[in-house]
Structures are given as C-alpha cells and as structure tokens.
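**Q** Quick one: this structure, given as structure tokens, is what I'll be asking you about.
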Amino acid sequence: MSKRVLIATTSHTRQGNTGKPTGAYLSEVAHPYEVFRRAGYQIDFASVQGGQIPLDGVADADAVSRAFLTEHGADLAASQAAANVDPSRYDAIFFAGGHGTMWDLPDDRAFQRVTAAIYERGGVVAAVCHGPAALVNVKLTSGKYLVDGKQVSAFTNEEERAVKLDEVVPFLLADALTAHGAQHDPAPKWQKKVVISERLVTGQNPASAAGVADGVVDLLKNSAQH
C-alpha cells in the first residue's frame, strides 16, 4: 500500500507590519512534492486555515516549481484546514517554509495535535527552512517537547540577518528551537543542510528542501522493511 504524506503550510500573508507579502515558499513545496511523487506516495495539502495557500518565491520559480504550479494550482487553492486533518491517514507530515510560517504555525493547536499524533504512531515529521516554526511548541503526550533532545536544522540567525528580517519576524527560529531543548546544527549560510534525528527530518533553507524529502523517503522505506 502506498504511503501517504501531508505537505503542510502557513496561511499567513504579510511580513509583520511591513505590508510586504509572504506565505509558503514555492520551491519548498514543489521540490519535496516531486520527491514524494517519484517515490509513489499519495500527497495531500493542508494549511492553517484551509483553502488557498499563499505563496512566496513565485517570481524566482525554477522549472520544477513552475511545472508544479501549473499542474497543482487547484490543489493549492483547496488545501485542507489543519483542524480537519485526520492524522491516522498519514505516514509523514512535511512543513514547508516561507516567512509566513513564523506568524501562524508556532501556536497552531491543530497542527500541533496532528504532528504529535503522527510522530507517536511511528510516523515521520519533517520541516525545512522556516517550516520548523511549526515544531517549536509541539508537545508529546509525555509533556516533553518533540524537539527536546533532538538535533535539528533550520533557517539560521545569520541567514535571517542576511535577508534583513531579523527584526521583522516575531522571534528567531534557531533560538526558539534551542530554548525547547533542540540541538541546532547550522551550516554556513545558504549551504544545503539536512539533519535526521530519530524520526525527525529538518533542513536549513530552500536548497535543503529536496534533501529533507529524500530523508523522509529513506526513513519510511526503512520502517517498511522492519
């Protein structure tokens, strides 16, 4: 039976009070989608509010992202709301990044519930770039933070300063993960970095998106063989 993966995103459309648009970063949805599709997985989309997923990075879209947008624009317009997701249907959840994640994902109780349920059932939890914002406050039934004691990769403080948004985002992602017990493992800025810690797969930036999806596929293959 083919595996089912949920690609999860922000619904947030503005960078703080700058008035500048944001959302989910297109390549961080498109490239992982392509990895999961090639692996033969069933793929669904969900966002905090459901419906249209706001996108960032469309102007810089590469060939894979442009093709994805052409083929799956309707799917992105009809994403499930986090509150309606049945975690028992999914073998993995993958949080795409984009700066929008920093405003609505950390405190979204519905995605926290779904993430903890998938992980505690033996599934894989993954996130790239700002996607790990969704993991900051996820607690397991033990009361322990999901990231506590795990090695993680995420958009670094140095990268945030480089894009001049360190004073716009509500918090610095690497610091928040560390505050909840994660061991943040950074690479030099804009370098690809993927970290696998138990059944948690995280990546640092857009360059790491396909690699995170590859990590998910590897973990699910291994779990199928045991």
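By order of appearance in the structure tokens: chains A, B, ..., then residues from 1 within every chain, and ligands from 1 in the order shown.
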I need the residues in stretch 8-226 of chain A that are strand (DSSP E or B) according to DSSP; give them as an MDAnalysis selection string.
**A** chainID A and resid 8:9 14 21 24:25 42:47 51 55:56 79:81 92:95 124:128 139 145 151:152 183:184 194:197 200:203
**Q** So that I can check the surroundings of A:Val201, please list as number ranges by chain every protein, DNA and RNA residue that reaches within 6 Å of it, counting only C-alpha atoms and ignoring chain neighbours fewer than 4 positions away.
**A** A: 126, 195-196
**Q** Could you go through stretch 8-141 of chain A and tell me which residues DSSP, when run on the backbone, assigns to helix (DSSP H, G or I), listing them as a PyMOL selection string?
**A** chain A and resi 26-38+63-77+82-84+87-89+101-104+109-120+131-134
**Q** Those selected residues, please, written with N, CA and C atoms and delivered as a compact mmCIF listing (two decimals), in the first residue's frame.
**A**
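File produced: again_0.txt:
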```txt
# COMPACT_ATOMS: atom_id res chain seq x y z
N LEU A 26 7.50 28.70 -2.48
CA LEU A 26 7.07 27.78 -3.54
C LEU A 26 8.01 26.59 -3.73
N SER A 27 9.32 26.83 -3.83
CA SER A 27 10.23 25.71 -4.12
C SER A 27 10.26 24.69 -2.98
N GLU A 28 9.92 25.15 -1.76
CA GLU A 28 9.92 24.25 -0.61
C GLU A 28 8.65 23.40 -0.54
N VAL A 29 7.70 23.71 -1.39
CA VAL A 29 6.53 22.85 -1.60
C VAL A 29 6.76 21.98 -2.83
N ALA A 30 7.22 22.61 -3.92
CA ALA A 30 7.33 21.93 -5.22
C ALA A 30 8.39 20.84 -5.26
N HIS A 31 9.57 21.13 -4.76
CA HIS A 31 10.65 20.14 -4.85
C HIS A 31 10.39 18.91 -3.96
N PRO A 32 9.95 19.09 -2.71
CA PRO A 32 9.57 17.91 -1.93
C PRO A 32 8.42 17.14 -2.57
N TYR A 33 7.43 17.86 -3.12
CA TYR A 33 6.33 17.18 -3.80
C TYR A 33 6.87 16.24 -4.87
N GLU A 34 7.83 16.73 -5.65
CA GLU A 34 8.39 15.94 -6.74
C GLU A 34 9.09 14.68 -6.20
N VAL A 35 9.81 14.82 -5.09
CA VAL A 35 10.48 13.66 -4.47
C VAL A 35 9.43 12.64 -4.02
N PHE A 36 8.38 13.11 -3.36
CA PHE A 36 7.34 12.20 -2.86
C PHE A 36 6.58 11.55 -4.02
N ARG A 37 6.34 12.32 -5.07
CA ARG A 37 5.63 11.78 -6.24
C ARG A 37 6.44 10.65 -6.88
N ARG A 38 7.75 10.89 -7.03
CA ARG A 38 8.61 9.86 -7.63
C ARG A 38 8.67 8.60 -6.77
N ALA A 63 12.32 25.64 -12.98
CA ALA A 63 11.48 24.83 -13.88
C ALA A 63 10.58 23.86 -13.12
N VAL A 64 11.12 23.21 -12.07
CA VAL A 64 10.32 22.25 -11.29
C VAL A 64 9.16 22.97 -10.62
N SER A 65 9.44 24.14 -10.05
CA SER A 65 8.39 24.89 -9.35
C SER A 65 7.33 25.41 -10.31
N ARG A 66 7.76 25.86 -11.48
CA ARG A 66 6.79 26.37 -12.47
C ARG A 66 5.87 25.26 -12.94
N ALA A 67 6.45 24.09 -13.21
CA ALA A 67 5.63 22.95 -13.65
C ALA A 67 4.65 22.53 -12.56
N PHE A 68 5.14 22.52 -11.33
CA PHE A 68 4.29 22.16 -10.19
C PHE A 68 3.10 23.10 -10.09
N LEU A 69 3.38 24.41 -10.21
CA LEU A 69 2.33 25.42 -10.07
C LEU A 69 1.28 25.25 -11.16
N THR A 70 1.73 24.95 -12.37
CA THR A 70 0.81 24.74 -13.49
C THR A 70 -0.09 23.52 -13.22
N GLU A 71 0.51 22.45 -12.72
CA GLU A 71 -0.24 21.20 -12.54
C GLU A 71 -1.06 21.17 -11.26
N HIS A 72 -0.62 21.88 -10.23
CA HIS A 72 -1.24 21.70 -8.91
C HIS A 72 -1.80 22.98 -8.30
N GLY A 73 -1.96 24.01 -9.13
CA GLY A 73 -2.55 25.25 -8.64
C GLY A 73 -3.91 25.02 -7.98
N ALA A 74 -4.72 24.15 -8.56
CA ALA A 74 -6.06 23.88 -8.00
C ALA A 74 -5.95 23.19 -6.64
N ASP A 75 -4.95 22.31 -6.48
CA ASP A 75 -4.76 21.63 -5.19
C ASP A 75 -4.37 22.64 -4.11
N LEU A 76 -3.53 23.61 -4.49
CA LEU A 76 -3.08 24.62 -3.53
C LEU A 76 -4.23 25.56 -3.14
N ALA A 77 -5.20 25.69 -4.02
CA ALA A 77 -6.35 26.55 -3.74
C ALA A 77 -7.38 25.85 -2.86
N ALA A 82 -6.08 22.72 8.83
CA ALA A 82 -5.39 21.91 9.84
C ALA A 82 -6.37 21.24 10.80
N ALA A 83 -7.42 21.96 11.17
CA ALA A 83 -8.39 21.44 12.13
C ALA A 83 -9.14 20.22 11.61
N ASN A 84 -9.16 20.04 10.29
CA ASN A 84 -9.91 18.92 9.68
C ASN A 84 -9.03 17.71 9.34
N PRO A 87 -4.91 12.65 11.47
CA PRO A 87 -3.52 12.22 11.45
C PRO A 87 -3.33 10.73 11.19
N SER A 88 -4.36 9.93 11.45
CA SER A 88 -4.21 8.48 11.28
C SER A 88 -4.07 8.10 9.80
N ARG A 89 -4.36 9.03 8.91
CA ARG A 89 -4.27 8.74 7.47
C ARG A 89 -2.85 8.93 6.92
N THR A 101 5.25 31.25 7.92
CA THR A 101 5.18 30.23 8.98
C THR A 101 5.44 30.80 10.36
N MET A 102 6.26 31.84 10.42
CA MET A 102 6.70 32.38 11.71
C MET A 102 5.57 33.02 12.50
N TRP A 103 4.50 33.40 11.80
CA TRP A 103 3.40 34.07 12.48
C TRP A 103 2.27 33.13 12.91
N ASP A 104 1.94 32.14 12.07
CA ASP A 104 0.76 31.34 12.45
C ASP A 104 1.05 29.89 12.85
N ARG A 109 -2.74 25.04 17.30
CA ARG A 109 -3.00 23.83 18.10
C ARG A 109 -3.36 22.64 17.24
N ALA A 110 -4.06 22.90 16.12
CA ALA A 110 -4.49 21.79 15.26
C ALA A 110 -3.29 21.08 14.65
N PHE A 111 -2.36 21.83 14.10
CA PHE A 111 -1.16 21.20 13.53
C PHE A 111 -0.29 20.57 14.62
N GLN A 112 -0.27 21.18 15.81
CA GLN A 112 0.48 20.57 16.92
C GLN A 112 -0.07 19.18 17.23
N ARG A 113 -1.40 19.08 17.28
CA ARG A 113 -2.07 17.80 17.57
C ARG A 113 -1.75 16.77 16.50
N VAL A 114 -1.86 17.18 15.23
CA VAL A 114 -1.61 16.28 14.11
C VAL A 114 -0.16 15.80 14.11
N THR A 115 0.76 16.73 14.35
CA THR A 115 2.19 16.41 14.33
C THR A 115 2.55 15.41 15.42
N ALA A 116 2.08 15.67 16.63
CA ALA A 116 2.36 14.77 17.75
C ALA A 116 1.76 13.38 17.49
N ALA A 117 0.54 13.36 16.94
CA ALA A 117 -0.12 12.07 16.69
C ALA A 117 0.62 11.24 15.65
N ILE A 118 1.06 11.89 14.57
CA ILE A 118 1.80 11.16 13.53
C ILE A 118 3.11 10.63 14.10
N TYR A 119 3.81 11.47 14.86
CA TYR A 119 5.10 11.05 15.42
C TYR A 119 4.93 9.89 16.40
N GLU A 120 3.93 10.00 17.26
CA GLU A 120 3.76 8.98 18.31
C GLU A 120 3.22 7.67 17.75
N GLY A 131 9.95 26.20 8.13
CA GLY A 131 8.94 25.18 8.48
C GLY A 131 9.06 24.67 9.91
N PRO A 132 10.30 24.54 10.46
CA PRO A 132 10.41 24.09 11.85
C PRO A 132 9.74 25.01 12.88
N ALA A 133 9.28 26.19 12.44
CA ALA A 133 8.47 27.04 13.34
C ALA A 133 7.25 26.27 13.82
N ALA A 134 6.77 25.34 12.98
CA ALA A 134 5.60 24.52 13.35
C ALA A 134 5.91 23.56 14.49
```
**Q** With a distance cut-off of 10 Å and only C-alpha atoms, select the neighbouring residues of stretch 135-138 of chain A, excluding the residue or stretch itself and same-chain residues fewer than 3 positions from it, and output the selection as number ranges by chain.
**A** A: 95, 105-109, 111-116, 125-127, 131-132, 141, 143-148, 173-182
**Q** Rounded to one decimal, what separation in Å do you get between atom CA of A:Leu172 and atom CA of A:Asp91?
**A** 29.5 Å
**Q** Which neighbours of A:Gly203 fall inside 8 Å, counting only C-alpha atoms, when residues of the same chain fewer than 2 positions from it are skipped, and could you give them as a list in words?
**A**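 Contacts, with the query itself left out: Ala127, Val128, Cys129, Val152, Ser153, Ala154, Phe155, Lys192, Lys193, Val194, Val195, Val201, Asn205, Ser208, Ala209, Gly211 and Val212 of chain A.
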